[in-house]
$ cat data-v2.txt   # compact mmCIF, C-alpha atoms and all ligand atoms
# COMPACT_ATOMS: atom_id res chain seq x y z
CA PHE E 108 -38.37 -15.85 -16.40
CA LYS E 109 -34.61 -16.09 -16.66
CA PRO E 110 -32.96 -17.37 -13.47
CA VAL E 111 -30.88 -14.82 -11.60
CA ASP E 112 -27.20 -15.43 -12.18
CA THR E 113 -26.05 -15.95 -8.60
CA ARG E 114 -22.42 -16.24 -9.69
CA LEU E 115 -22.30 -12.49 -10.22
CA PRO E 116 -20.63 -10.96 -7.18
CA VAL E 117 -22.76 -8.42 -5.36
CA LYS E 118 -20.71 -5.35 -4.53
CA HIS E 119 -21.35 -3.77 -1.15
CA THR E 120 -21.04 -0.27 0.17
CA LEU E 121 -19.96 0.07 3.80
CA PRO E 122 -22.12 1.75 6.42
CA GLY E 123 -20.68 5.11 7.42
CA VAL E 124 -18.41 5.28 4.33
CA LYS E 125 -19.05 7.45 1.26
CA ASP E 126 -16.10 6.51 -0.97
CA ILE E 127 -13.57 3.71 -0.99
CA ILE E 128 -10.13 4.07 -2.57
CA LEU E 129 -7.73 1.16 -2.94
CA VAL E 130 -3.97 1.64 -2.84
CA SER E 131 -2.20 -1.23 -4.47
CA SER E 132 1.24 -2.23 -5.59
CA CYS E 133 2.00 -5.26 -7.59
CA LYS E 134 5.41 -5.80 -6.03
CA GLY E 135 6.30 -5.64 -2.32
CA GLY E 136 8.53 -2.97 -0.81
CA VAL E 137 7.83 -0.23 -3.34
CA GLY E 138 6.31 2.03 -0.68
CA LYS E 139 2.60 1.25 -0.93
CA SER E 140 1.86 1.50 2.79
CA THR E 141 3.86 4.72 3.06
CA VAL E 142 1.84 6.18 0.18
CA SER E 143 -1.47 4.93 1.68
CA THR E 144 -0.69 6.53 5.03
CA ASN E 145 0.53 9.86 3.70
CA LEU E 146 -2.33 10.00 1.24
CA ALA E 147 -4.81 9.42 4.07
CA VAL E 148 -3.15 12.16 6.15
CA ALA E 149 -3.15 14.58 3.20
CA LEU E 150 -6.86 13.90 2.49
CA ARG E 151 -7.60 14.50 6.18
CA ASN E 152 -5.75 17.82 6.11
CA LEU E 153 -7.78 18.73 3.03
CA ASP E 154 -10.77 18.64 5.38
CA LEU E 155 -12.16 15.24 4.60
CA ASN E 156 -13.19 12.65 7.15
CA VAL E 157 -10.77 9.83 6.45
CA GLY E 158 -10.41 6.18 7.41
CA LEU E 159 -7.44 3.93 6.73
CA LEU E 160 -7.96 0.17 6.48
CA ASP E 161 -4.91 -2.07 6.56
CA ALA E 162 -5.91 -5.04 4.42
CA ASP E 163 -2.41 -6.47 4.54
CA ILE E 164 -3.40 -9.28 6.86
CA PHE E 165 -0.05 -11.08 6.84
CA GLY E 166 2.14 -8.00 7.10
CA PRO E 167 0.19 -5.17 8.71
CA SER E 168 2.23 -1.97 8.84
CA ILE E 169 -0.38 0.70 9.54
CA PRO E 170 -0.11 0.37 13.38
CA LYS E 171 3.57 1.32 13.18
CA LEU E 172 3.14 3.99 10.51
CA MET E 173 0.29 5.63 12.44
CA ASN E 174 1.88 5.08 15.85
CA LEU E 175 -1.17 3.19 17.07
CA HIS E 176 -1.24 0.12 19.25
CA GLY E 177 -3.68 -1.65 21.49
CA GLU E 178 -6.87 -3.56 21.06
CA PRO E 179 -9.97 -1.95 19.54
CA ARG E 180 -13.03 -1.84 21.79
CA LEU E 181 -16.39 -3.13 20.63
CA SER E 182 -19.30 -0.80 20.01
CA ASP E 183 -22.81 -1.45 21.37
CA ARG E 184 -23.55 -3.15 18.06
CA GLY E 185 -20.60 -5.50 18.53
CA LYS E 186 -18.46 -3.80 15.88
CA LEU E 187 -14.79 -2.88 16.13
CA ILE E 188 -14.22 0.76 17.02
CA PRO E 189 -11.36 2.17 14.89
CA LEU E 190 -8.21 3.44 16.61
CA GLN E 191 -7.51 7.06 15.81
CA ASN E 192 -4.45 9.26 15.31
CA TYR E 193 -3.81 12.45 13.29
CA GLY E 194 -7.60 12.67 12.95
CA ILE E 195 -7.77 9.42 10.98
CA GLN E 196 -9.83 6.38 11.89
CA THR E 197 -7.84 3.20 11.33
CA MET E 198 -8.30 -0.55 11.50
CA SER E 199 -5.66 -3.23 11.08
CA MET E 200 -5.12 -6.90 11.75
CA GLY E 201 -2.09 -5.65 13.68
CA TYR E 202 -4.44 -4.42 16.46
CA LEU E 203 -6.10 -7.80 16.73
CA ILE E 204 -2.95 -9.88 17.15
CA PRO E 205 -1.87 -9.85 20.81
CA ASN E 206 1.86 -9.69 20.14
CA GLU E 207 3.55 -8.09 17.16
CA ASP E 208 5.96 -11.02 16.91
CA SER E 209 3.34 -13.74 16.91
CA PRO E 210 3.05 -15.38 13.50
CA ILE E 211 -0.22 -15.21 11.67
CA VAL E 212 -1.00 -18.79 10.80
CA TRP E 213 -4.53 -18.48 9.52
CA ARG E 214 -5.18 -20.05 6.18
CA GLY E 215 -8.21 -20.60 3.98
CA LEU E 216 -11.46 -20.04 5.80
CA MET E 217 -9.85 -18.36 8.81
CA LEU E 218 -8.22 -15.86 6.52
CA GLN E 219 -11.47 -15.16 4.71
CA LYS E 220 -13.20 -14.73 8.06
CA ALA E 221 -10.56 -12.32 9.33
CA LEU E 222 -10.79 -10.32 6.14
CA GLN E 223 -14.58 -10.22 6.26
CA GLN E 224 -14.36 -8.94 9.82
CA LEU E 225 -11.91 -6.21 8.91
CA ILE E 226 -14.13 -5.18 6.03
CA PHE E 227 -17.64 -5.54 7.42
CA ASP E 228 -17.33 -5.41 11.21
CA VAL E 229 -15.79 -1.99 11.73
CA ASP E 230 -17.78 0.91 13.09
CA TRP E 231 -16.58 3.68 10.72
CA ASN E 232 -17.85 7.05 11.79
CA HIS E 233 -19.08 9.27 8.92
CA LEU E 234 -16.18 8.80 6.53
CA ASP E 235 -15.91 10.79 3.32
CA VAL E 236 -13.31 8.33 2.18
CA LEU E 237 -11.83 5.03 3.29
CA VAL E 238 -8.29 4.43 2.03
CA VAL E 239 -7.56 0.70 1.81
CA ASP E 240 -3.93 -0.39 1.94
CA LEU E 241 -4.00 -3.66 -0.02
CA PRO E 242 -1.40 -6.39 0.34
CA PRO E 243 1.14 -6.40 -2.50
CA GLY E 244 0.40 -8.45 -5.58
CA THR E 245 -2.72 -9.83 -7.20
CA GLY E 246 -3.76 -12.62 -4.84
CA ASP E 247 -6.96 -13.80 -3.19
CA ILE E 248 -7.28 -10.90 -0.76
CA GLN E 249 -7.11 -8.27 -3.48
CA ILE E 250 -9.60 -10.13 -5.66
CA THR E 251 -11.98 -10.75 -2.76
CA ILE E 252 -11.95 -7.07 -1.83
CA GLY E 253 -12.38 -6.05 -5.44
CA GLN E 254 -15.33 -8.37 -5.85
CA MET E 255 -17.02 -7.52 -2.57
CA LEU E 256 -16.72 -3.76 -2.33
CA LYS E 257 -18.10 -0.93 -4.36
CA VAL E 258 -14.88 0.97 -4.92
CA SER E 259 -14.45 4.45 -6.41
CA GLY E 260 -11.04 3.66 -7.83
CA ALA E 261 -7.56 2.29 -7.32
CA VAL E 262 -4.17 3.97 -7.08
CA ILE E 263 -1.24 1.82 -8.17
CA VAL E 264 2.18 2.50 -6.65
CA SER E 265 5.34 1.46 -8.44
CA THR E 266 8.99 2.30 -8.82
CA SER E 267 10.49 2.75 -12.27
CA GLN E 268 12.30 -0.56 -12.00
CA ASP E 269 11.49 -2.96 -14.87
CA LEU E 270 10.54 -5.73 -12.49
CA ALA E 271 7.99 -3.60 -10.65
CA LEU E 272 6.55 -2.30 -13.90
CA THR E 273 6.02 -5.78 -15.33
CA ASP E 274 3.84 -6.52 -12.33
CA VAL E 275 1.86 -3.29 -12.78
CA LYS E 276 0.33 -4.75 -15.93
CA LYS E 277 -0.89 -7.75 -13.91
CA GLY E 278 -2.43 -5.38 -11.38
CA ILE E 279 -4.22 -3.42 -14.05
CA SER E 280 -5.72 -6.51 -15.60
CA MET E 281 -6.86 -7.67 -12.15
CA PHE E 282 -8.68 -4.37 -11.54
CA ASN E 283 -10.21 -4.59 -14.99
CA LYS E 284 -11.49 -8.08 -14.23
CA VAL E 285 -13.21 -6.99 -11.02
CA GLN E 286 -14.42 -3.81 -12.73
CA ILE E 287 -12.60 -1.29 -10.56
CA PRO E 288 -11.61 1.94 -12.26
CA ILE E 289 -7.98 3.02 -11.95
CA TYR E 290 -7.13 6.58 -10.88
CA GLY E 291 -3.59 6.17 -12.12
CA LEU E 292 0.02 5.35 -11.28
CA VAL E 293 2.15 6.88 -8.54
CA GLU E 294 5.90 6.71 -8.96
CA ASN E 295 7.65 6.22 -5.65
CA MET E 296 11.38 6.65 -4.98
CA SER E 297 11.68 8.48 -8.31
CA VAL E 298 14.83 10.46 -7.64
CA PHE E 299 17.49 10.76 -4.97
CA VAL E 300 19.00 14.20 -4.48
CA CYS E 301 22.46 14.07 -2.88
CA PRO E 302 22.35 16.27 0.25
CA ASN E 303 25.97 17.35 -0.31
CA CYS E 304 26.23 18.18 -4.01
CA GLN E 305 22.51 18.26 -5.02
CA HIS E 306 23.22 15.76 -7.78
CA GLU E 307 20.02 14.01 -8.86
CA GLU E 308 20.17 10.26 -9.34
CA ARG E 309 17.29 8.19 -10.68
CA LEU E 310 18.19 4.97 -8.91
CA PHE E 311 15.34 2.83 -10.24
CA GLY E 312 15.42 3.97 -13.84
CA ASP E 313 14.50 7.07 -15.78
CA ARG E 314 10.77 7.87 -15.70
CA GLY E 315 9.72 4.26 -16.32
CA VAL E 316 6.39 4.77 -14.53
CA LEU E 317 5.55 7.85 -16.59
CA LYS E 318 6.34 6.02 -19.83
CA GLU E 319 4.33 2.99 -18.73
CA ALA E 320 1.35 5.18 -17.81
CA LYS E 321 1.45 6.76 -21.27
CA ARG E 322 1.76 3.37 -22.94
CA LEU E 323 -1.18 1.96 -20.99
CA ASN E 324 -3.17 5.14 -21.44
CA ILE E 325 -3.75 5.70 -17.74
CA ASP E 326 -3.03 8.78 -15.63
CA TYR E 327 0.32 9.49 -14.02
CA LEU E 328 -0.62 10.93 -10.64
CA GLY E 329 2.81 12.13 -9.57
CA SER E 330 6.15 11.14 -8.12
CA ILE E 331 7.67 10.97 -4.67
CA PRO E 332 11.44 11.27 -4.28
CA LEU E 333 13.57 8.75 -2.43
CA ASN E 334 14.43 10.50 0.79
CA PRO E 335 15.68 8.97 4.03
CA ARG E 336 13.48 11.38 6.01
CA ILE E 337 10.36 9.72 4.56
CA CYS E 338 11.69 6.44 5.91
CA THR E 339 12.69 7.72 9.37
CA SER E 340 9.43 9.63 9.82
CA SER E 341 7.53 6.46 8.96
CA ASP E 342 9.58 4.47 11.44
CA GLU E 343 8.74 7.03 14.12
CA GLY E 344 5.04 6.78 13.34
CA PHE E 345 4.93 10.37 12.15
CA PRO E 346 4.11 10.45 8.41
CA VAL E 347 5.73 13.42 6.63
CA ALA E 348 2.31 14.62 5.40
CA VAL E 349 1.24 15.41 8.98
CA ASP E 350 3.07 18.72 8.53
CA PRO E 351 1.64 20.27 5.33
CA ASN E 352 4.51 22.80 5.26
CA GLU E 353 7.13 20.09 5.06
CA SER E 354 8.54 20.03 1.51
CA LEU E 355 8.38 16.23 1.34
CA ALA E 356 4.66 16.35 2.08
CA LYS E 357 3.93 18.24 -1.13
CA PRO E 358 3.75 15.34 -3.61
CA TYR E 359 1.32 13.47 -1.37
CA TYR E 360 -0.99 16.51 -1.24
CA GLU E 361 -0.86 16.87 -5.03
CA ILE E 362 -1.78 13.24 -5.47
CA ALA E 363 -4.57 13.58 -2.89
CA LYS E 364 -5.95 16.66 -4.69
CA SER E 365 -5.91 14.84 -8.01
CA LEU E 366 -8.32 12.26 -6.57
CA ILE E 367 -10.93 14.65 -5.21
P1 LIG D 401 5.23 -1.63 0.77
O1 LIG D 401 3.97 -1.26 1.49
O2 LIG D 401 5.14 -1.45 -0.70
O3 LIG D 401 5.78 -2.97 1.16
P2 LIG D 401 6.49 0.33 2.50
O4 LIG D 401 5.57 1.49 2.42
O5 LIG D 401 6.45 -0.53 3.71
O6 LIG D 401 6.36 -0.57 1.20
O7 LIG D 401 7.96 0.89 2.27
C1 LIG D 401 9.10 0.04 2.26
C2 LIG D 401 10.28 0.79 2.90
O8 LIG D 401 10.64 1.89 2.08
C3 LIG D 401 9.94 1.38 4.27
O9 LIG D 401 11.08 1.28 5.07
C4 LIG D 401 9.62 2.84 3.95
O10 LIG D 401 9.87 3.70 5.05
C5 LIG D 401 10.56 3.12 2.80
N1 LIG D 401 10.07 4.15 1.88
C6 LIG D 401 8.87 4.20 1.23
N2 LIG D 401 8.80 5.27 0.41
C7 LIG D 401 10.00 5.92 0.54
C8 LIG D 401 10.56 7.10 -0.06
N3 LIG D 401 9.89 7.80 -0.96
N4 LIG D 401 11.83 7.46 0.32
C9 LIG D 401 12.52 6.72 1.22
N5 LIG D 401 12.06 5.61 1.81
C10 LIG D 401 10.82 5.20 1.47
$ encode --input "data-v2.txt" --output "structure tokens"
Amino acid sequence: FKPVDTRLPVKHTLPGVKDIILVSSCKGGVGKSTVSTNLAVALRNLDLNVGLLDADIFGPSIPKLMNLHGEPRLSDRGKLIPLQNYGIQTMSMGYLIPNEDSPIVWRGLMLQKALQQLIFDVDWNHLDVLVVDLPPGTGDIQITIGQMLKVSGAVIVSTSQDLALTDVKKGISMFNKVQIPIYGLVENMSVFVCPNCQHEERLFGDRGVLKEAKRLNIDYLGSIPLNPRICTSSDEGFPVAVDPNESLAKPYYEIAKSLI
């Protein structure tokens, strides 16, 4: 008999979770966490049971975006019970660090252990979908998650700036390597409409994400305008998608629908 190739990573499903979606960006600051959060809220309001996992271990932002703080309790089985707001179950390294200002100094094994805990030691309760907010880039955490989890697909967030788009290609090849299908590209901060004269300005370039999606033959899932209200709502821990009638919520719902 041929020996079993033990180098092949075994991909796991998570108990209590039907589907896993990754939200990734190859560059930092393009709005990945904002998209993850609003996407999770939109999916919830489309009647799905949704979880949101903040895999950005060094820069967790989900606690702030979801207005959730405090330490998770442990279930009878010794697993972390997700903190919940807007009907969404969430878990983040941010809940496990005592003080928001304390630096995270884990490296190597400690980091792997923390990540494993966030992934495998959470008591998700009957989720239709778990949205995972990945750290930016194509580093160890992203690859570990990609290798360990059976994922339905990844959404890649970018602006139309050349620099961000160059990194998108790296992200795509990473997902190809770990055999994760890509749902498509989301263009964030596509256009700024002047509140006084309604002039439209494409600050980060003209439809670069759309062109790149065509070139790479992957889907363009939609665009979200640059609007200060998206930023202030996030800062207040009240994602715009919480109110489905809010005009700024619309693009997030369209993207959410395109995934179902
Ligand atoms: P990332 O997760 O990619 O680092 P964030 O989601 O934290 O990015 O967003 C970076 C900053 O940009 C935050 O202050 C956020 O509120 C803001 N932001 C994100 N998307 C938009 C948008 N469409 N319009 C205005 N501000 C945005």
$ closest_residue --input "data-v2.txt" --among "E:Val236, E:Met200, E:Val275, E:Leu333" --to "His176 of chain E" --atoms "all atoms listed in the file"
E:Met200
$ residues_around --input "data-v2.txt" --residues "Asp326 of chain E" --least-positions-apart "2" --cutoff "7 Å" --atoms "only C-alpha atoms" --output "PyMOL selection string"
chain E and resi 290-292+320+324+328
$ closest_residue --input "data-v2.txt" --among "E:Met173, E:Leu155, E:Ile128, E:Met296" --to "ligand LIG 401 (chain D)" --atoms "all atoms listed in the file"
E:Met296
$ residues_around --input "data-v2.txt" --residues "Gly194 of chain E" --least-positions-apart "5" --cutoff "12 Å" --atoms "all atoms listed in the file" --output "list in words"
Ala147, Val148, Ala149, Leu150, Arg151, Asn152, Leu153, Asp154, Leu155, Asn156, Val157, Gly158, Leu159, Met173, Pro189, Asn232, Leu234 and Val349 of chain E
$ closest_residue --input "data-v2.txt" --among "E:Thr144, E:Ser259, E:Asn295, E:Ser330" --to "ligand LIG 401 (chain D)" --atoms "only C-alpha atoms and all ligand atoms"
E:Asn295
$ closest_residue --input "data-v2.txt" --among "E:Met281, E:Val238, E:Leu256, E:Leu121" --to "Ser143 of chain E" --atoms "only C-alpha atoms"
E:Val238
$ closest_residue --input "data-v2.txt" --among "E:Thr273, E:Lys321, E:Ala356, E:Thr266" --to "Ser297 of chain E" --atoms "all atoms listed in the file"
E:Thr266
$ residues_near_ligand --input "data-v2.txt" --ligand "ligand LIG 401 (chain D)" --cutoff "7 Å" --atoms "all atoms listed in the file" --output "MDAnalysis selection string"
chainID E and resid 132 134:142 168 243 295:296 331:339 341:342
$ atom_distance --input "data-v2.txt" --atom1 "atom CA of Gly253 of chain E" --atom2 "atom CA of Leu129 of chain E"
8.9 Å
$ closest_residue --input "data-v2.txt" --among "E:Ala162, E:Ile127, E:Val229, E:Leu172" --to "Ile287 of chain E" --atoms "only C-alpha atoms"
E:Ile127
$ atom_distance --input "data-v2.txt" --atom1 "atom CA of Asn192 of chain E" --atom2 "atom CA of Leu175 of chain E"
7.1 Å
$ residues_around --input "data-v2.txt" --residues "Lys318 of chain E" --least-positions-apart "5" --cutoff "10 Å" --atoms "only C-alpha atoms" --output "PyMOL selection string"
chain E and resi 267+313+323-324+327
$ build_atoms --input "data-v2.txt" --residues "segment 300-312 of chain E" --atoms "N, CA and C atoms" --output "mmCIF file, in the coordinates of the input"
data_model
loop_
_atom_site.group_PDB
_atom_site.id
_atom_site.type_symbol
_atom_site.label_atom_id
_atom_site.label_comp_id
_atom_site.auth_asym_id
_atom_site.auth_seq_id
_atom_site.Cartn_x
_atom_site.Cartn_y
_atom_site.Cartn_z
ATOM 1 N N VAL E 300 18.188 12.995 -4.351
ATOM 2 C CA VAL E 300 19.000 14.200 -4.480
ATOM 3 C C VAL E 300 20.086 14.147 -3.403
ATOM 4 N N CYS E 301 21.351 14.152 -3.831
ATOM 5 C CA CYS E 301 22.460 14.070 -2.880
ATOM 6 C C CYS E 301 22.447 15.304 -1.976
ATOM 7 N N PRO E 302 22.429 15.114 -0.650
ATOM 8 C CA PRO E 302 22.350 16.270 0.250
ATOM 9 C C PRO E 302 23.610 17.131 0.199
ATOM 10 N N ASN E 303 24.721 16.577 -0.272
ATOM 11 C CA ASN E 303 25.970 17.350 -0.310
ATOM 12 C C ASN E 303 26.115 18.162 -1.591
ATOM 13 N N CYS E 304 25.937 17.484 -2.749
ATOM 14 C CA CYS E 304 26.230 18.180 -4.010
ATOM 15 C C CYS E 304 24.967 18.456 -4.833
ATOM 16 N N GLN E 305 23.797 18.055 -4.326
ATOM 17 C CA GLN E 305 22.510 18.260 -5.020
ATOM 18 C C GLN E 305 22.387 17.511 -6.327
ATOM 19 N N HIS E 306 23.312 16.572 -6.555
ATOM 20 C CA HIS E 306 23.220 15.760 -7.780
ATOM 21 C C HIS E 306 21.957 14.894 -7.712
ATOM 22 N N GLU E 307 21.240 14.814 -8.832
ATOM 23 C CA GLU E 307 20.020 14.010 -8.860
ATOM 24 C C GLU E 307 20.283 12.656 -9.509
ATOM 25 N N GLU E 308 19.931 11.605 -8.811
ATOM 26 C CA GLU E 308 20.170 10.260 -9.340
ATOM 27 C C GLU E 308 18.846 9.508 -9.377
ATOM 28 N N ARG E 309 18.512 8.998 -10.557
ATOM 29 C CA ARG E 309 17.290 8.190 -10.680
ATOM 30 C C ARG E 309 17.675 6.725 -10.513
ATOM 31 N N LEU E 310 17.640 6.286 -9.255
ATOM 32 C CA LEU E 310 18.190 4.970 -8.910
ATOM 33 C C LEU E 310 17.442 3.811 -9.558
ATOM 34 N N PHE E 311 16.133 3.961 -9.731
ATOM 35 C CA PHE E 311 15.340 2.830 -10.240
ATOM 36 C C PHE E 311 15.004 2.946 -11.720
ATOM 37 N N GLY E 312 15.685 3.835 -12.403
ATOM 38 C CA GLY E 312 15.420 3.970 -13.840
ATOM 39 C C GLY E 312 14.796 5.329 -14.131
#
